[in-house]
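Student: File name my_file.pdb; file contents PDB, N, CA and C atoms; full text below.
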```pdb
MODEL        1
ATOM      1  N   MET R   1      18.733   0.324 -15.223
ATOM      2  CA  MET R   1      18.133  -0.175 -13.999
ATOM      3  C   MET R   1      18.147   0.959 -12.966
ATOM      4  N   LYS R   2      16.983   1.374 -12.546
ATOM      5  CA  LYS R   2      16.866   2.474 -11.595
ATOM      6  C   LYS R   2      17.428   2.083 -10.238
ATOM      7  N   GLY R   3      18.306   2.919  -9.706
ATOM      8  CA  GLY R   3      18.840   2.703  -8.370
ATOM      9  C   GLY R   3      19.777   1.518  -8.255
ATOM     10  N   ALA R   4      20.294   1.043  -9.376
ATOM     11  CA  ALA R   4      21.196  -0.106  -9.316
ATOM     12  C   ALA R   4      22.489   0.285  -8.617
ATOM     13  N   MET R   5      23.022  -0.655  -7.887
ATOM     14  CA  MET R   5      24.267  -0.420  -7.177
ATOM     15  C   MET R   5      25.093  -1.691  -7.262
ATOM     16  N   LYS R   6      26.345  -1.521  -7.540
ATOM     17  CA  LYS R   6      27.251  -2.668  -7.553
ATOM     18  C   LYS R   6      28.086  -2.585  -6.295
ATOM     19  N   LEU R   7      28.101  -3.667  -5.549
ATOM     20  CA  LEU R   7      28.834  -3.730  -4.306
ATOM     21  C   LEU R   7      29.985  -4.698  -4.474
ATOM     22  N   GLU R   8      31.177  -4.210  -4.267
ATOM     23  CA  GLU R   8      32.341  -5.085  -4.341
ATOM     24  C   GLU R   8      32.992  -5.131  -2.968
ATOM     25  N   ILE R   9      33.276  -6.342  -2.533
ATOM     26  CA  ILE R   9      33.901  -6.555  -1.236
ATOM     27  C   ILE R   9      35.204  -7.291  -1.472
ATOM     28  N   GLN R  10      36.256  -6.770  -0.914
ATOM     29  CA  GLN R  10      37.542  -7.432  -1.046
ATOM     30  C   GLN R  10      37.929  -7.978   0.319
ATOM     31  N   VAL R  11      38.101  -9.293   0.371
ATOM     32  CA  VAL R  11      38.447  -9.972   1.611
ATOM     33  C   VAL R  11      39.666 -10.839   1.343
ATOM     34  N   ASN R  12      40.666 -10.678   2.167
ATOM     35  CA  ASN R  12      41.848 -11.524   2.035
ATOM     36  C   ASN R  12      41.601 -12.845   2.761
ATOM     37  N   VAL R  13      41.627 -13.917   1.989
ATOM     38  CA  VAL R  13      41.464 -15.251   2.562
ATOM     39  C   VAL R  13      42.648 -16.104   2.121
ATOM     40  N   ALA R  14      42.883 -17.122   2.883
ATOM     41  CA  ALA R  14      44.016 -18.014   2.576
ATOM     42  C   ALA R  14      43.840 -18.620   1.184
ATOM     43  N   ASP R  15      44.950 -18.831   0.512
ATOM     44  CA  ASP R  15      44.902 -19.404  -0.830
ATOM     45  C   ASP R  15      44.300 -20.799  -0.846
ATOM     46  N   ASP R  16      44.353 -21.486   0.278
ATOM     47  CA  ASP R  16      43.845 -22.848   0.302
ATOM     48  C   ASP R  16      42.362 -22.944   0.655
ATOM     49  N   VAL R  17      41.694 -21.793   0.767
ATOM     50  CA  VAL R  17      40.253 -21.835   1.004
ATOM     51  C   VAL R  17      39.618 -22.523  -0.189
ATOM     52  N   ALA R  18      38.895 -23.580   0.097
ATOM     53  CA  ALA R  18      38.402 -24.481  -0.943
ATOM     54  C   ALA R  18      37.530 -23.792  -1.989
ATOM     55  N   ASP R  19      36.576 -23.016  -1.561
ATOM     56  CA  ASP R  19      35.608 -22.506  -2.520
ATOM     57  C   ASP R  19      35.385 -21.002  -2.344
ATOM     58  N   LYS R  20      36.210 -20.228  -2.987
ATOM     59  CA  LYS R  20      36.090 -18.774  -2.893
ATOM     60  C   LYS R  20      34.811 -18.277  -3.563
ATOM     61  N   VAL R  21      34.339 -18.983  -4.577
ATOM     62  CA  VAL R  21      33.094 -18.610  -5.243
ATOM     63  C   VAL R  21      31.923 -18.767  -4.271
ATOM     64  N   ALA R  22      31.895 -19.861  -3.533
ATOM     65  CA  ALA R  22      30.831 -20.083  -2.545
ATOM     66  C   ALA R  22      30.896 -19.024  -1.447
ATOM     67  N   LEU R  23      32.097 -18.662  -1.038
ATOM     68  CA  LEU R  23      32.250 -17.619  -0.013
ATOM     69  C   LEU R  23      31.725 -16.281  -0.534
ATOM     70  N   ALA R  24      32.054 -15.955  -1.774
ATOM     71  CA  ALA R  24      31.572 -14.702  -2.367
ATOM     72  C   ALA R  24      30.046 -14.688  -2.437
ATOM     73  N   GLU R  25      29.449 -15.816  -2.810
ATOM     74  CA  GLU R  25      27.988 -15.906  -2.885
ATOM     75  C   GLU R  25      27.365 -15.789  -1.499
ATOM     76  N   HIS R  26      27.978 -16.398  -0.512
ATOM     77  CA  HIS R  26      27.485 -16.293   0.867
ATOM     78  C   HIS R  26      27.502 -14.836   1.333
ATOM     79  N   LEU R  27      28.592 -14.139   1.055
ATOM     80  CA  LEU R  27      28.697 -12.732   1.452
ATOM     81  C   LEU R  27      27.674 -11.869   0.712
ATOM     82  N   ARG R  28      27.426 -12.177  -0.561
ATOM     83  CA  ARG R  28      26.419 -11.438  -1.335
ATOM     84  C   ARG R  28      25.041 -11.609  -0.699
ATOM     85  N   LYS R  29      24.696 -12.852  -0.337
ATOM     86  CA  LYS R  29      23.395 -13.113   0.273
ATOM     87  C   LYS R  29      23.267 -12.435   1.633
ATOM     88  N   GLU R  30      24.334 -12.453   2.408
ATOM     89  CA  GLU R  30      24.301 -11.781   3.710
ATOM     90  C   GLU R  30      24.111 -10.275   3.540
ATOM     91  N   ALA R  31      24.744  -9.709   2.530
ATOM     92  CA  ALA R  31      24.597  -8.269   2.261
ATOM     93  C   ALA R  31      23.149  -7.946   1.889
ATOM     94  N   ILE R  32      22.528  -8.797   1.065
ATOM     95  CA  ILE R  32      21.135  -8.578   0.679
ATOM     96  C   ILE R  32      20.228  -8.635   1.900
ATOM     97  N   LEU R  33      20.434  -9.624   2.766
ATOM     98  CA  LEU R  33      19.625  -9.727   3.983
ATOM     99  C   LEU R  33      19.825  -8.518   4.887
ATOM    100  N   ALA R  34      21.067  -8.055   4.996
ATOM    101  CA  ALA R  34      21.344  -6.877   5.825
ATOM    102  C   ALA R  34      20.667  -5.634   5.245
ATOM    103  N   LEU R  35      20.685  -5.495   3.934
ATOM    104  CA  LEU R  35      20.019  -4.349   3.301
ATOM    105  C   LEU R  35      18.516  -4.397   3.545
ATOM    106  N   PHE R  36      17.919  -5.593   3.460
ATOM    107  CA  PHE R  36      16.496  -5.697   3.743
ATOM    108  C   PHE R  36      16.210  -5.413   5.214
ATOM    109  N   ALA R  37      17.000  -5.977   6.111
ATOM    110  CA  ALA R  37      16.793  -5.768   7.548
ATOM    111  C   ALA R  37      16.849  -4.294   7.911
ATOM    112  N   ASP R  38      17.692  -3.536   7.200
ATOM    113  CA  ASP R  38      17.799  -2.086   7.425
ATOM    114  C   ASP R  38      16.790  -1.299   6.594
ATOM    115  N   ARG R  39      15.923  -2.018   5.865
ATOM    116  CA  ARG R  39      14.887  -1.427   5.016
ATOM    117  C   ARG R  39      15.475  -0.529   3.924
ATOM    118  N   LYS R  40      16.618  -0.947   3.402
ATOM    119  CA  LYS R  40      17.247  -0.221   2.297
ATOM    120  C   LYS R  40      16.767  -0.751   0.950
ATOM    121  N   ILE R  41      16.263  -2.005   0.925
ATOM    122  CA  ILE R  41      15.655  -2.574  -0.264
ATOM    123  C   ILE R  41      14.348  -3.247   0.132
ATOM    124  N   ALA R  42      13.450  -3.332  -0.828
ATOM    125  CA  ALA R  42      12.130  -3.915  -0.575
ATOM    126  C   ALA R  42      12.202  -5.435  -0.499
ATOM    127  N   ALA R  43      11.181  -6.029   0.106
ATOM    128  CA  ALA R  43      11.127  -7.476   0.257
ATOM    129  C   ALA R  43      11.148  -8.186  -1.096
ATOM    130  N   GLY R  44      10.371  -7.684  -2.036
ATOM    131  CA  GLY R  44      10.329  -8.304  -3.352
ATOM    132  C   GLY R  44      11.675  -8.290  -4.041
ATOM    133  N   LYS R  45      12.373  -7.176  -3.924
ATOM    134  CA  LYS R  45      13.697  -7.053  -4.527
ATOM    135  C   LYS R  45      14.676  -8.008  -3.854
ATOM    136  N   ALA R  46      14.649  -8.063  -2.531
ATOM    137  CA  ALA R  46      15.553  -8.954  -1.798
ATOM    138  C   ALA R  46      15.282 -10.409  -2.163
ATOM    139  N   ALA R  47      14.002 -10.788  -2.186
ATOM    140  CA  ALA R  47      13.645 -12.165  -2.542
ATOM    141  C   ALA R  47      14.133 -12.498  -3.948
ATOM    142  N   HIS R  48      13.914 -11.586  -4.875
ATOM    143  CA  HIS R  48      14.355 -11.799  -6.256
ATOM    144  C   HIS R  48      15.870 -11.970  -6.341
ATOM    145  N   GLU R  49      16.600 -11.093  -5.670
ATOM    146  CA  GLU R  49      18.060 -11.156  -5.700
ATOM    147  C   GLU R  49      18.591 -12.444  -5.069
ATOM    148  N   LEU R  50      17.835 -12.992  -4.123
ATOM    149  CA  LEU R  50      18.228 -14.244  -3.479
ATOM    150  C   LEU R  50      17.729 -15.465  -4.247
ATOM    151  N   GLY R  51      16.914 -15.224  -5.277
ATOM    152  CA  GLY R  51      16.384 -16.322  -6.067
ATOM    153  C   GLY R  51      15.320 -17.115  -5.348
ATOM    154  N   LEU R  52      14.574 -16.438  -4.475
ATOM    155  CA  LEU R  52      13.548 -17.101  -3.666
ATOM    156  C   LEU R  52      12.158 -16.590  -4.013
ATOM    157  N   GLU R  53      11.168 -17.477  -3.912
ATOM    158  CA  GLU R  53       9.773 -17.056  -3.970
ATOM    159  C   GLU R  53       9.461 -16.317  -2.668
ATOM    160  N   ARG R  54       8.400 -15.546  -2.667
ATOM    161  CA  ARG R  54       8.052 -14.712  -1.515
ATOM    162  C   ARG R  54       7.936 -15.533  -0.225
ATOM    163  N   LEU R  55       7.238 -16.670  -0.268
ATOM    164  CA  LEU R  55       7.062 -17.474   0.949
ATOM    165  C   LEU R  55       8.379 -18.054   1.445
ATOM    166  N   ALA R  56       9.225 -18.497   0.534
ATOM    167  CA  ALA R  56      10.537 -19.021   0.936
ATOM    168  C   ALA R  56      11.370 -17.909   1.567
ATOM    169  N   PHE R  57      11.252 -16.700   1.029
ATOM    170  CA  PHE R  57      11.961 -15.560   1.597
ATOM    171  C   PHE R  57      11.469 -15.265   3.007
ATOM    172  N   MET R  58      10.159 -15.316   3.189
ATOM    173  CA  MET R  58       9.593 -15.067   4.517
ATOM    174  C   MET R  58      10.056 -16.131   5.517
ATOM    175  N   GLU R  59      10.145 -17.377   5.085
ATOM    176  CA  GLU R  59      10.636 -18.444   5.959
ATOM    177  C   GLU R  59      12.099 -18.215   6.330
ATOM    178  N   LEU R  60      12.906 -17.781   5.371
ATOM    179  CA  LEU R  60      14.310 -17.471   5.645
ATOM    180  C   LEU R  60      14.415 -16.356   6.680
ATOM    181  N   LEU R  61      13.613 -15.315   6.507
ATOM    182  CA  LEU R  61      13.621 -14.218   7.479
ATOM    183  C   LEU R  61      13.245 -14.719   8.865
ATOM    184  N   LYS R  62      12.241 -15.581   8.924
ATOM    185  CA  LYS R  62      11.803 -16.126  10.211
ATOM    186  C   LYS R  62      12.942 -16.894  10.882
ATOM    187  N   ARG R  63      13.617 -17.747  10.109
ATOM    188  CA  ARG R  63      14.738 -18.522  10.660
ATOM    189  C   ARG R  63      15.871 -17.618  11.139
ATOM    190  N   ARG R  64      16.058 -16.498  10.465
ATOM    191  CA  ARG R  64      17.143 -15.585  10.797
ATOM    192  C   ARG R  64      16.745 -14.543  11.837
ATOM    193  N   GLY R  65      15.468 -14.509  12.225
ATOM    194  CA  GLY R  65      15.013 -13.551  13.225
ATOM    195  C   GLY R  65      14.888 -12.128  12.691
ATOM    196  N   ILE R  66      14.658 -12.007  11.384
ATOM    197  CA  ILE R  66      14.503 -10.691  10.752
ATOM    198  C   ILE R  66      13.013 -10.476  10.510
ATOM    199  N   PRO R  67      12.429  -9.429  11.075
ATOM    200  CA  PRO R  67      10.994  -9.213  10.870
ATOM    201  C   PRO R  67      10.680  -8.866   9.423
ATOM    202  N   TYR R  68       9.609  -9.472   8.904
ATOM    203  CA  TYR R  68       9.165  -9.178   7.542
ATOM    204  C   TYR R  68       8.453  -7.826   7.518
ATOM    205  N   VAL R  69       7.654  -7.606   8.531
ATOM    206  CA  VAL R  69       6.912  -6.354   8.662
ATOM    207  C   VAL R  69       7.233  -5.755  10.017
ATOM    208  N   ILE R  70       7.479  -4.482  10.025
ATOM    209  CA  ILE R  70       7.696  -3.788  11.294
ATOM    210  C   ILE R  70       6.408  -3.039  11.623
ATOM    211  N   TYR R  71       5.747  -3.475  12.676
ATOM    212  CA  TYR R  71       4.467  -2.903  13.092
ATOM    213  C   TYR R  71       4.611  -2.511  14.556
ATOM    214  N   SER R  72       4.800  -1.240  14.777
ATOM    215  CA  SER R  72       5.111  -0.750  16.118
ATOM    216  C   SER R  72       3.844  -0.556  16.961
ATOM    217  N   ALA R  73       4.060  -0.303  18.232
ATOM    218  CA  ALA R  73       2.943   0.007  19.134
ATOM    219  C   ALA R  73       2.234   1.276  18.671
ATOM    220  N   GLU R  74       2.987   2.211  18.138
ATOM    221  CA  GLU R  74       2.392   3.448  17.621
ATOM    222  C   GLU R  74       1.503   3.149  16.411
ATOM    223  N   ASP R  75       1.948   2.232  15.551
ATOM    224  CA  ASP R  75       1.132   1.824  14.410
ATOM    225  C   ASP R  75      -0.173   1.199  14.890
ATOM    226  N   TRP R  76      -0.060   0.327  15.899
ATOM    227  CA  TRP R  76      -1.241  -0.334  16.463
ATOM    228  C   TRP R  76      -2.227   0.700  17.007
ATOM    229  N   ALA R  77      -1.719   1.659  17.763
ATOM    230  CA  ALA R  77      -2.581   2.689  18.347
ATOM    231  C   ALA R  77      -3.254   3.526  17.262
ATOM    232  N   ALA R  78      -2.500   3.886  16.231
ATOM    233  CA  ALA R  78      -3.060   4.679  15.137
ATOM    234  C   ALA R  78      -4.141   3.894  14.398
ATOM    235  N   ASP R  79      -3.902   2.611  14.175
ATOM    236  CA  ASP R  79      -4.906   1.787  13.508
ATOM    237  C   ASP R  79      -6.157   1.634  14.370
ATOM    238  N   ALA R  80      -5.972   1.432  15.656
ATOM    239  CA  ALA R  80      -7.113   1.308  16.565
ATOM    240  C   ALA R  80      -7.938   2.587  16.557
ATOM    241  N   GLN R  81      -7.260   3.720  16.555
ATOM    242  CA  GLN R  81      -7.958   5.010  16.527
ATOM    243  C   GLN R  81      -8.710   5.175  15.203
ATOM    244  N   ALA R  82      -8.094   4.787  14.102
ATOM    245  CA  ALA R  82      -8.751   4.892  12.795
ATOM    246  C   ALA R  82      -9.979   3.993  12.730
ATOM    247  N   ILE R  83      -9.891   2.797  13.297
ATOM    248  CA  ILE R  83     -11.032   1.878  13.311
ATOM    249  C   ILE R  83     -12.153   2.450  14.158
ATOM    250  N   ASP R  84     -11.802   2.994  15.311
ATOM    251  CA  ASP R  84     -12.814   3.620  16.174
ATOM    252  C   ASP R  84     -13.510   4.765  15.445
ATOM    253  N   GLU R  85     -12.741   5.587  14.756
ATOM    254  CA  GLU R  85     -13.309   6.724  14.006
ATOM    255  C   GLU R  85     -14.214   6.221  12.883
ATOM    256  N   PHE R  86     -13.780   5.184  12.186
ATOM    257  CA  PHE R  86     -14.593   4.596  11.122
ATOM    258  C   PHE R  86     -15.922   4.097  11.679
ATOM    259  N   GLU R  87     -15.863   3.375  12.787
ATOM    260  CA  GLU R  87     -17.077   2.845  13.409
ATOM    261  C   GLU R  87     -18.001   3.980  13.862
ATOM    262  N   ARG R  88     -17.428   5.036  14.425
ATOM    263  CA  ARG R  88     -18.216   6.184  14.860
ATOM    264  C   ARG R  88     -18.932   6.826  13.680
ATOM    265  N   ARG R  89     -18.221   7.029  12.585
ATOM    266  CA  ARG R  89     -18.835   7.658  11.389
ATOM    267  C   ARG R  89     -19.875   6.744  10.746
ATOM    268  N   ARG R  90     -19.644   5.453  10.791
ATOM    269  CA  ARG R  90     -20.591   4.506  10.204
ATOM    270  C   ARG R  90     -21.918   4.543  10.960
ATOM    271  N   LYS R  91     -21.853   4.700  12.297
ATOM    272  CA  LYS R  91     -23.069   4.760  13.107
ATOM    273  C   LYS R  91     -23.834   6.051  12.859
ATOM    274  N   ILE R  92     -23.093   7.132  12.593
ATOM    275  CA  ILE R  92     -23.734   8.422  12.341
ATOM    276  C   ILE R  92     -24.391   8.434  10.964
ATOM    277  N   GLY R  93     -23.663   7.892   9.977
ATOM    278  CA  GLY R  93     -24.110   7.970   8.587
ATOM    279  C   GLY R  93     -25.055   6.924   8.236
TER     280      GLY R  93
ENDMDL
END
```
Reformat the file's structure so that it appears as structure tokens.
Tutor:
Amino acid sequence: MKGAMKLEIQVNVADDVADKVALAEHLRKEAILALFADRKIAAGKAAHELGLERLAFMELLKRRGIPYVIYSAEDWAADAQAIDEFERRRKIG
């Protein structure tokens, strides 16, 4: 598996914590979301690792306030300029 990484987290919790397996799974999911939010893994990979279809993943991101796509003002300006250039060339040609 290209670029595979195993992440192990050791957390000391009280022995009476009811469900350590559920806690471990929660931490795994939070780590995946954090990796996606930092753009360290792709959306498809994150969705797959979370066991979600693409739309369900997008809804989860929305609920968590994590942008699916980062589209900056600079991106907008560059796209607007490219569209203007395209339109200019289309009128000439």
Student: Run through the PyMOL selection byres (((chain R and resi 47 and name CA) around 12) and name CA) on the given coordinates and return the selected residues as a short mmCIF file (atom, residue, chain, number, x, y, z; two decimals) with N, CA and C atoms, keeping the file's coordinate frame.
Tutor:
```cif
data_model
loop_
_atom_site.label_atom_id
_atom_site.label_comp_id
_atom_site.auth_asym_id
_atom_site.auth_seq_id
_atom_site.Cartn_x
_atom_site.Cartn_y
_atom_site.Cartn_z
N LYS R 29 24.70 -12.85 -0.34
CA LYS R 29 23.40 -13.11 0.27
C LYS R 29 23.27 -12.44 1.63
N ILE R 32 22.53 -8.80 1.06
CA ILE R 32 21.14 -8.58 0.68
C ILE R 32 20.23 -8.64 1.90
N LEU R 33 20.43 -9.62 2.77
CA LEU R 33 19.62 -9.73 3.98
C LEU R 33 19.82 -8.52 4.89
N LEU R 35 20.68 -5.50 3.93
CA LEU R 35 20.02 -4.35 3.30
C LEU R 35 18.52 -4.40 3.54
N PHE R 36 17.92 -5.59 3.46
CA PHE R 36 16.50 -5.70 3.74
C PHE R 36 16.21 -5.41 5.21
N ILE R 41 16.26 -2.00 0.92
CA ILE R 41 15.66 -2.57 -0.26
C ILE R 41 14.35 -3.25 0.13
N ALA R 42 13.45 -3.33 -0.83
CA ALA R 42 12.13 -3.92 -0.57
C ALA R 42 12.20 -5.44 -0.50
N ALA R 43 11.18 -6.03 0.11
CA ALA R 43 11.13 -7.48 0.26
C ALA R 43 11.15 -8.19 -1.10
N GLY R 44 10.37 -7.68 -2.04
CA GLY R 44 10.33 -8.30 -3.35
C GLY R 44 11.68 -8.29 -4.04
N LYS R 45 12.37 -7.18 -3.92
CA LYS R 45 13.70 -7.05 -4.53
C LYS R 45 14.68 -8.01 -3.85
N ALA R 46 14.65 -8.06 -2.53
CA ALA R 46 15.55 -8.95 -1.80
C ALA R 46 15.28 -10.41 -2.16
N HIS R 48 13.91 -11.59 -4.88
CA HIS R 48 14.36 -11.80 -6.26
C HIS R 48 15.87 -11.97 -6.34
N GLU R 49 16.60 -11.09 -5.67
CA GLU R 49 18.06 -11.16 -5.70
C GLU R 49 18.59 -12.44 -5.07
N LEU R 50 17.84 -12.99 -4.12
CA LEU R 50 18.23 -14.24 -3.48
C LEU R 50 17.73 -15.46 -4.25
N GLY R 51 16.91 -15.22 -5.28
CA GLY R 51 16.38 -16.32 -6.07
C GLY R 51 15.32 -17.11 -5.35
N LEU R 52 14.57 -16.44 -4.47
CA LEU R 52 13.55 -17.10 -3.67
C LEU R 52 12.16 -16.59 -4.01
N GLU R 53 11.17 -17.48 -3.91
CA GLU R 53 9.77 -17.06 -3.97
C GLU R 53 9.46 -16.32 -2.67
N ARG R 54 8.40 -15.55 -2.67
CA ARG R 54 8.05 -14.71 -1.52
C ARG R 54 7.94 -15.53 -0.22
N LEU R 55 7.24 -16.67 -0.27
CA LEU R 55 7.06 -17.47 0.95
C LEU R 55 8.38 -18.05 1.44
N ALA R 56 9.22 -18.50 0.53
CA ALA R 56 10.54 -19.02 0.94
C ALA R 56 11.37 -17.91 1.57
N PHE R 57 11.25 -16.70 1.03
CA PHE R 57 11.96 -15.56 1.60
C PHE R 57 11.47 -15.26 3.01
N MET R 58 10.16 -15.32 3.19
CA MET R 58 9.59 -15.07 4.52
C MET R 58 10.06 -16.13 5.52
N GLU R 59 10.14 -17.38 5.08
CA GLU R 59 10.64 -18.44 5.96
C GLU R 59 12.10 -18.22 6.33
N LEU R 60 12.91 -17.78 5.37
CA LEU R 60 14.31 -17.47 5.64
C LEU R 60 14.42 -16.36 6.68
N LEU R 61 13.61 -15.32 6.51
CA LEU R 61 13.62 -14.22 7.48
C LEU R 61 13.24 -14.72 8.86
N TYR R 68 9.61 -9.47 8.90
CA TYR R 68 9.16 -9.18 7.54
C TYR R 68 8.45 -7.83 7.52
#
```
Student: To one decimal in Å, tell me the separation between atom CA of R:Pro67 and atom CA of R:Ala37.
Tutor: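 Pair atom CA of R:Pro67 / atom CA of R:Ala37 returns 7.5 Å.
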Student: Quote the spacing between atom C of R:Leu23 and atom N of R:Ile70 in Å to one decimal place.
Tutor: 29.0 Å
Student: Pick out each residue of chain R that DSSP on the backbone tags as helix (DSSP H, G or I); I need them as number ranges by chain.
Tutor: R: 20-37, 43-50, 54-64, 73-92
Student: By how many Å are atom CA of R:Ile66 and atom N of R:Asp38 apart?
Tutor: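 So the two atoms, atom CA of R:Ile66 and atom N of R:Asp38, lie 8.6 Å apart.
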Student: Report, as AutoDock Vina command-line options, the centre and edge lengths in Å (one decimal) of the axis-aligned box enclosing every listed atom of stretch 37-54 of chain R, padded by 6 Å on each side.
Tutor:
```
--center_x 13.3 --center_y -8.8 --center_z 0.8 --size_x 22.7 --size_y 29.3 --size_z 26.3
```
Student: Please provide as a list of chain:residue names all residues within 12 Å of R:Glu8, with the sequence filter that same-chain residues fewer than 3 positions apart are discarded (counting only C-alpha atoms).
Tutor: R:Met5, R:Val11, R:Ala24, R:Glu25, R:Leu27, R:Arg28, R:Ala31
